[in-house]
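J.: Questions regarding the structure given below will be posed in turn.
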Amino acid sequence: MLARVQSCAVLGIEAFPVAIEIDHSPGMNNVRMVGLPDAAVKESQDRVFTALRNSGFRFPHGRLVVSLAPADMRKEGSALDLPIAVGVLAASNQLSGLRLAEYALVGELALDGSIRPVAGALAMAILARNEHLRGIILPWQNAEEAGVVQGLEVIPANSLQDVAGFLTGESAITPFRTDVERLFTDARLHAPDFSEVKGQAHVKRALTVAAAGAHNVLMVGPPGTGKTMLAMRLPGILPGMTFEEALETTRIYSVAPMMQRKSSLMVQRPFRSPHHTSTTVSIAGGGQGQMANPGEVSLAHNGVLFLDELPEFNRAALEVLRQPLEEGMVHIRRANYSVTFPSRFMLVVAMNPCPCGCRTDPRRTCRCSLGEVQRYMGKISGPLLDRIDIHVDVPPLSFEELTDARPSGPSTLEVRAQVQAARDRQRARHNGQAVCNAHLDTKAMRAHCVMTEGARKLLEAALERMGLSARAYDKVLRVARTLADLEGAATLAETHLAEAIQYRSLDLEAP
């Protein structure tokens, strides 16, 4: 007898349909699996055989042919265990009245017949809805993640017996629905406060500007001046995630099963801070096989990627940042697969002014020679610095600033309100589309970065003195546009250009 079961597999962050066809016929006991299965899929026959036996079913005698379609795409992972087991039961007439055509099935089987969670549940649920299926049957641990998809029955299952009973109509399982509104309501309860950072008013101003326009930031200062504390509080002042942003970010984390998440839906903007020993693959993504893992640039999508001690990173790992910073995505091509991960993030980097860190500290003596400082700064390529909009110095704090018990500056809620107002003005300029100033193209810049005559002369003088590149010139205009949005101004004035130019301190000063 021939049975057909619907399932899914994942490529990158996208899922594709897999039709599992199982034919049972008399003959010598033999199981043959075709359709480019990897080792984990081939091993499923042992898990399926034992799970069927321990669940009160029997593994049929005779010849079994398991076909995984499309046959020209490699199938990886253990998510096909459950549909293969159900297909075997259907092909051997152990189940009747099945509703297999209405549901997709995914899940890894344990030897006792229980179902274990799989990666990529959200992408699979979206695919099942797009394929106009009634629902998807999956492990109960994945139900909350898949339950955010509207218009689809998400059926959580604990065991193979539960699935068999549901498909035959002998038992009922209530579809799971995730309370998305509650997740968004709780998202802002534990954000660290901006006012907890002592002093550094000008740095907080620079981060406010960066958040308002999604600009990249470089902080330079001695150790212990608050660079990391400030960076960790940046996600809290960013506008709240929209449902579409949360869904796209969750799809990335869904295919990275080792990532720990506070909730099934990523409703808080991610903050990623990889160690400076991170490899190129861990930053950009990739790995062996078709289940390529997203890198840090993708895990920070719609959030913040913080690189502390920037010159200590591997040069090659830093250079892979160029493509995602420009395009908002990273393309990973290997010999046997090609995937694209979204990677639109705010880059925040911090570094010392010299190898010993004391060059700009008036209370300590720098031991570094000019050559050592130049080599240290030279570890960061000019093209990468060009892609960072805002450079800001972070000086040491005074005793009075450190011992002041009062809140230092505005709170996270107050700053977020300013940022949200500026983002709303940007959205209104683009007919409701979420286009931040940091991502304006040339045509949009000509339309929205109109300067007064005094601002034009100031920018011309700065270009001649600082020798800015064309990309740096665009960065100055985009930052000035954000400064104007924070004030609600339609035209770029001299004050906006002056502040935007002073944020290019590394272009002005040489070590």
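Residues are referred to by chain and number: the chain letter is A, B, ... according to the order shown in the structure tokens, the number counts from 1 in that chain, and ligands are numbered separately from 1 in the order shown.
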Give me the residues near Ala490 (chain A) as a VMD selection string, where near means some atom within 9 Å (using only C-alpha atoms) and where sequence neighbours in that chain fewer than 2 positions away do not count.
T.: chain A and resid 448 to 450 481 484 to 485 488 492
J.: With DSSP run on the backbone, what are the strand (DSSP E or B) residues within region 272-477 of chain A? I'd like them as a ChimeraX atom specification.
T.: /A:272,285-286,293-294,304-307,329-333,338-342,346-351,390-393,451
J.: Compile the contact shell of Thr50 (chain A) as a ChimeraX atom specification: residues with an atom at most 10 Å away, counting only C-alpha atoms, same-chain residues fewer than 5 positions apart removed.
T.: /A:44-45,55,57-59,109-113
J.: Could those selected residues go to a file with N, CA and C atoms, as a CSV table (one decimal), in the first residue's frame?
T.:
chain,number,residue,atom,x,y,z
A,44,SER,N,17.0,7.5,10.8
A,44,SER,CA,15.6,7.6,11.3
A,44,SER,C,14.9,6.2,11.3
A,45,GLN,N,15.3,5.3,10.4
A,45,GLN,CA,14.6,4.0,10.4
A,45,GLN,C,14.8,3.2,11.7
A,55,SER,N,5.6,2.1,21.3
A,55,SER,CA,4.3,2.8,21.3
A,55,SER,C,3.1,1.9,21.1
A,57,PHE,N,2.8,-0.2,18.5
A,57,PHE,CA,2.6,-0.6,17.0
A,57,PHE,C,3.6,-1.6,16.6
A,58,ARG,N,3.6,-2.0,15.4
A,58,ARG,CA,4.6,-2.9,14.9
A,58,ARG,C,5.2,-2.4,13.6
A,59,PHE,N,6.4,-2.7,13.4
A,59,PHE,CA,7.1,-2.3,12.2
A,59,PHE,C,6.8,-3.4,11.2
A,109,LEU,N,11.7,11.7,16.9
A,109,LEU,CA,11.2,10.6,17.7
A,109,LEU,C,12.3,10.2,18.7
A,110,ALA,N,11.9,10.0,20.0
A,110,ALA,CA,12.7,9.3,20.9
A,110,ALA,C,12.4,7.8,20.9
A,111,LEU,N,13.2,7.0,21.5
A,111,LEU,CA,13.0,5.6,21.4
A,111,LEU,C,11.7,5.1,22.1
A,112,ASP,N,11.2,5.9,23.0
A,112,ASP,CA,10.0,5.5,23.7
A,112,ASP,C,8.8,6.0,23.0
A,113,GLY,N,8.9,6.7,21.9
A,113,GLY,CA,7.8,7.2,21.1
A,113,GLY,C,7.4,8.6,21.4
J.: I'd like the neighbourhood of Gly169 (chain A) as a count of residues only, where a residue qualifies if any of its atoms comes within 9 Å (using only C-alpha atoms), though same-chain residues fewer than 2 positions away should be ignored.
T.: 9
J.: Compile the contact shell of region 121-138 of chain A as a ChimeraX atom specification: residues with an atom at most 8 Å away, counting only C-alpha atoms, same-chain residues fewer than 3 positions apart removed.
T.: /A:8-10,13-17,101-107,117-118,142-143,145-146,149,151-157,163,250-251,254
J.: Between CA of Met33 (chain A) and CA of Ile84 (chain A), what is the distance in Å, rounded to a tenth?
T.: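 Between these atoms lies a distance of 10.5 Å.
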J.: For Leu230 (chain A), which residue among A:Leu385, A:Leu160, A:Ile252, A:Val394 is the nearest when counting only C-alpha atoms?
T.: A:Val394
J.: Could you tell me, as a ChimeraX atom specification, which residues of region 361-454 of chain A DSSP assigns to helix (DSSP H, G or I) when given the backbone?
T.: /A:370-378,382-386,399-403,412-429,437-439,442-448,453-454
J.: Using the selection just defined, write its residues with C-alpha atoms as a PDB file, in the first residue's frame.
T.:
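Result saved to result.pdb:
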ATOM      1  CA  LEU A 370      53.790  56.597  17.904  1.00  0.00           C
ATOM      2  CA  GLY A 371      54.505  53.561  15.751  1.00  0.00           C
ATOM      3  CA  GLU A 372      52.643  51.258  18.139  1.00  0.00           C
ATOM      4  CA  VAL A 373      49.640  53.576  18.118  1.00  0.00           C
ATOM      5  CA  GLN A 374      49.648  53.719  14.334  1.00  0.00           C
ATOM      6  CA  ARG A 375      49.868  49.934  14.034  1.00  0.00           C
ATOM      7  CA  TYR A 376      47.076  49.556  16.581  1.00  0.00           C
ATOM      8  CA  MET A 377      44.770  51.947  14.731  1.00  0.00           C
ATOM      9  CA  GLY A 378      45.831  50.458  11.412  1.00  0.00           C
ATOM     10  CA  GLY A 382      39.621  52.667   6.197  1.00  0.00           C
ATOM     11  CA  PRO A 383      36.611  51.233   4.311  1.00  0.00           C
ATOM     12  CA  LEU A 384      35.208  49.835   7.570  1.00  0.00           C
ATOM     13  CA  LEU A 385      35.682  53.162   9.382  1.00  0.00           C
ATOM     14  CA  ASP A 386      33.939  54.884   6.478  1.00  0.00           C
ATOM     15  CA  PHE A 399      35.348  61.829  41.256  1.00  0.00           C
ATOM     16  CA  GLU A 400      32.320  64.124  41.489  1.00  0.00           C
ATOM     17  CA  GLU A 401      30.604  62.314  38.593  1.00  0.00           C
ATOM     18  CA  LEU A 402      31.305  58.887  40.058  1.00  0.00           C
ATOM     19  CA  THR A 403      29.979  59.751  43.534  1.00  0.00           C
ATOM     20  CA  THR A 412      15.463  55.261  29.021  1.00  0.00           C
ATOM     21  CA  LEU A 413      11.750  56.042  28.637  1.00  0.00           C
ATOM     22  CA  GLU A 414      12.437  59.729  27.999  1.00  0.00           C
ATOM     23  CA  VAL A 415      15.155  59.052  25.447  1.00  0.00           C
ATOM     24  CA  ARG A 416      13.049  56.412  23.718  1.00  0.00           C
ATOM     25  CA  ALA A 417      10.242  58.931  23.305  1.00  0.00           C
ATOM     26  CA  GLN A 418      12.639  61.316  21.505  1.00  0.00           C
ATOM     27  CA  VAL A 419      13.903  58.487  19.306  1.00  0.00           C
ATOM     28  CA  GLN A 420      10.375  57.324  18.490  1.00  0.00           C
ATOM     29  CA  ALA A 421       9.324  60.848  17.482  1.00  0.00           C
ATOM     30  CA  ALA A 422      12.302  61.132  15.109  1.00  0.00           C
ATOM     31  CA  ARG A 423      11.576  57.675  13.640  1.00  0.00           C
ATOM     32  CA  ASP A 424       7.928  58.670  13.113  1.00  0.00           C
ATOM     33  CA  ARG A 425       9.042  61.699  11.081  1.00  0.00           C
ATOM     34  CA  GLN A 426      11.249  59.464   8.939  1.00  0.00           C
ATOM     35  CA  ARG A 427       8.393  57.022   8.397  1.00  0.00           C
ATOM     36  CA  ALA A 428       6.050  59.860   7.409  1.00  0.00           C
ATOM     37  CA  ARG A 429       8.534  61.056   4.755  1.00  0.00           C
ATOM     38  CA  ASN A 437      18.091  57.965   7.749  1.00  0.00           C
ATOM     39  CA  ALA A 438      21.153  55.711   7.906  1.00  0.00           C
ATOM     40  CA  HIS A 439      19.789  53.764   4.917  1.00  0.00           C
ATOM     41  CA  THR A 442      21.164  58.932  -3.207  1.00  0.00           C
ATOM     42  CA  LYS A 443      17.764  59.911  -4.580  1.00  0.00           C
ATOM     43  CA  ALA A 444      16.231  60.167  -1.090  1.00  0.00           C
ATOM     44  CA  MET A 445      19.178  62.209   0.158  1.00  0.00           C
ATOM     45  CA  ARG A 446      18.736  64.769  -2.621  1.00  0.00           C
ATOM     46  CA  ALA A 447      15.057  65.044  -1.750  1.00  0.00           C
ATOM     47  CA  HIS A 448      15.262  65.184   2.042  1.00  0.00           C
ATOM     48  CA  GLU A 453      23.327  78.342   2.447  1.00  0.00           C
ATOM     49  CA  GLY A 454      25.322  78.640   5.672  1.00  0.00           C
TER      50      GLY A 454
END
J.: Fewer than 2 positions away in the same chain doesn't count, so skip those; otherwise give me all residues within 8 Å of Phe341 (chain A), counting only C-alpha atoms, as number ranges by chain.
T.: A: 12-13, 252, 294, 298, 329-331, 339, 343
J.: Skip Leu234 (chain A) itself and residues of its chain fewer than 5 positions away, then list as a list in words all residues within 9 Å of it, counting only C-alpha atoms.
T.: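 The contact residues come out as Phe194, Leu207, Thr208, Ala211, Met229, Phe271, Val304 and Thr412 of chain A.
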J.: Pick from A:Arg359, A:Lys75, A:Arg32, A:Arg344: nearest to Asn216 (chain A), with only C-alpha atoms counted?
T.: A:Arg344
J.: For the atom pair CA of Leu100 (chain A) and CA of Ala39 (chain A), what is the interatomic distance in Å to one decimal place?
T.: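 About the pair CA of Leu100 (chain A) and CA of Ala39 (chain A): they are 26.1 Å apart.
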J.: Identify which of the residues A:Val297, A:Ala317, A:Met219, A:Leu265 lies closest to Pro353 (chain A), counting only C-alpha atoms when measuring atom-to-atom distances.
T.: A:Met219
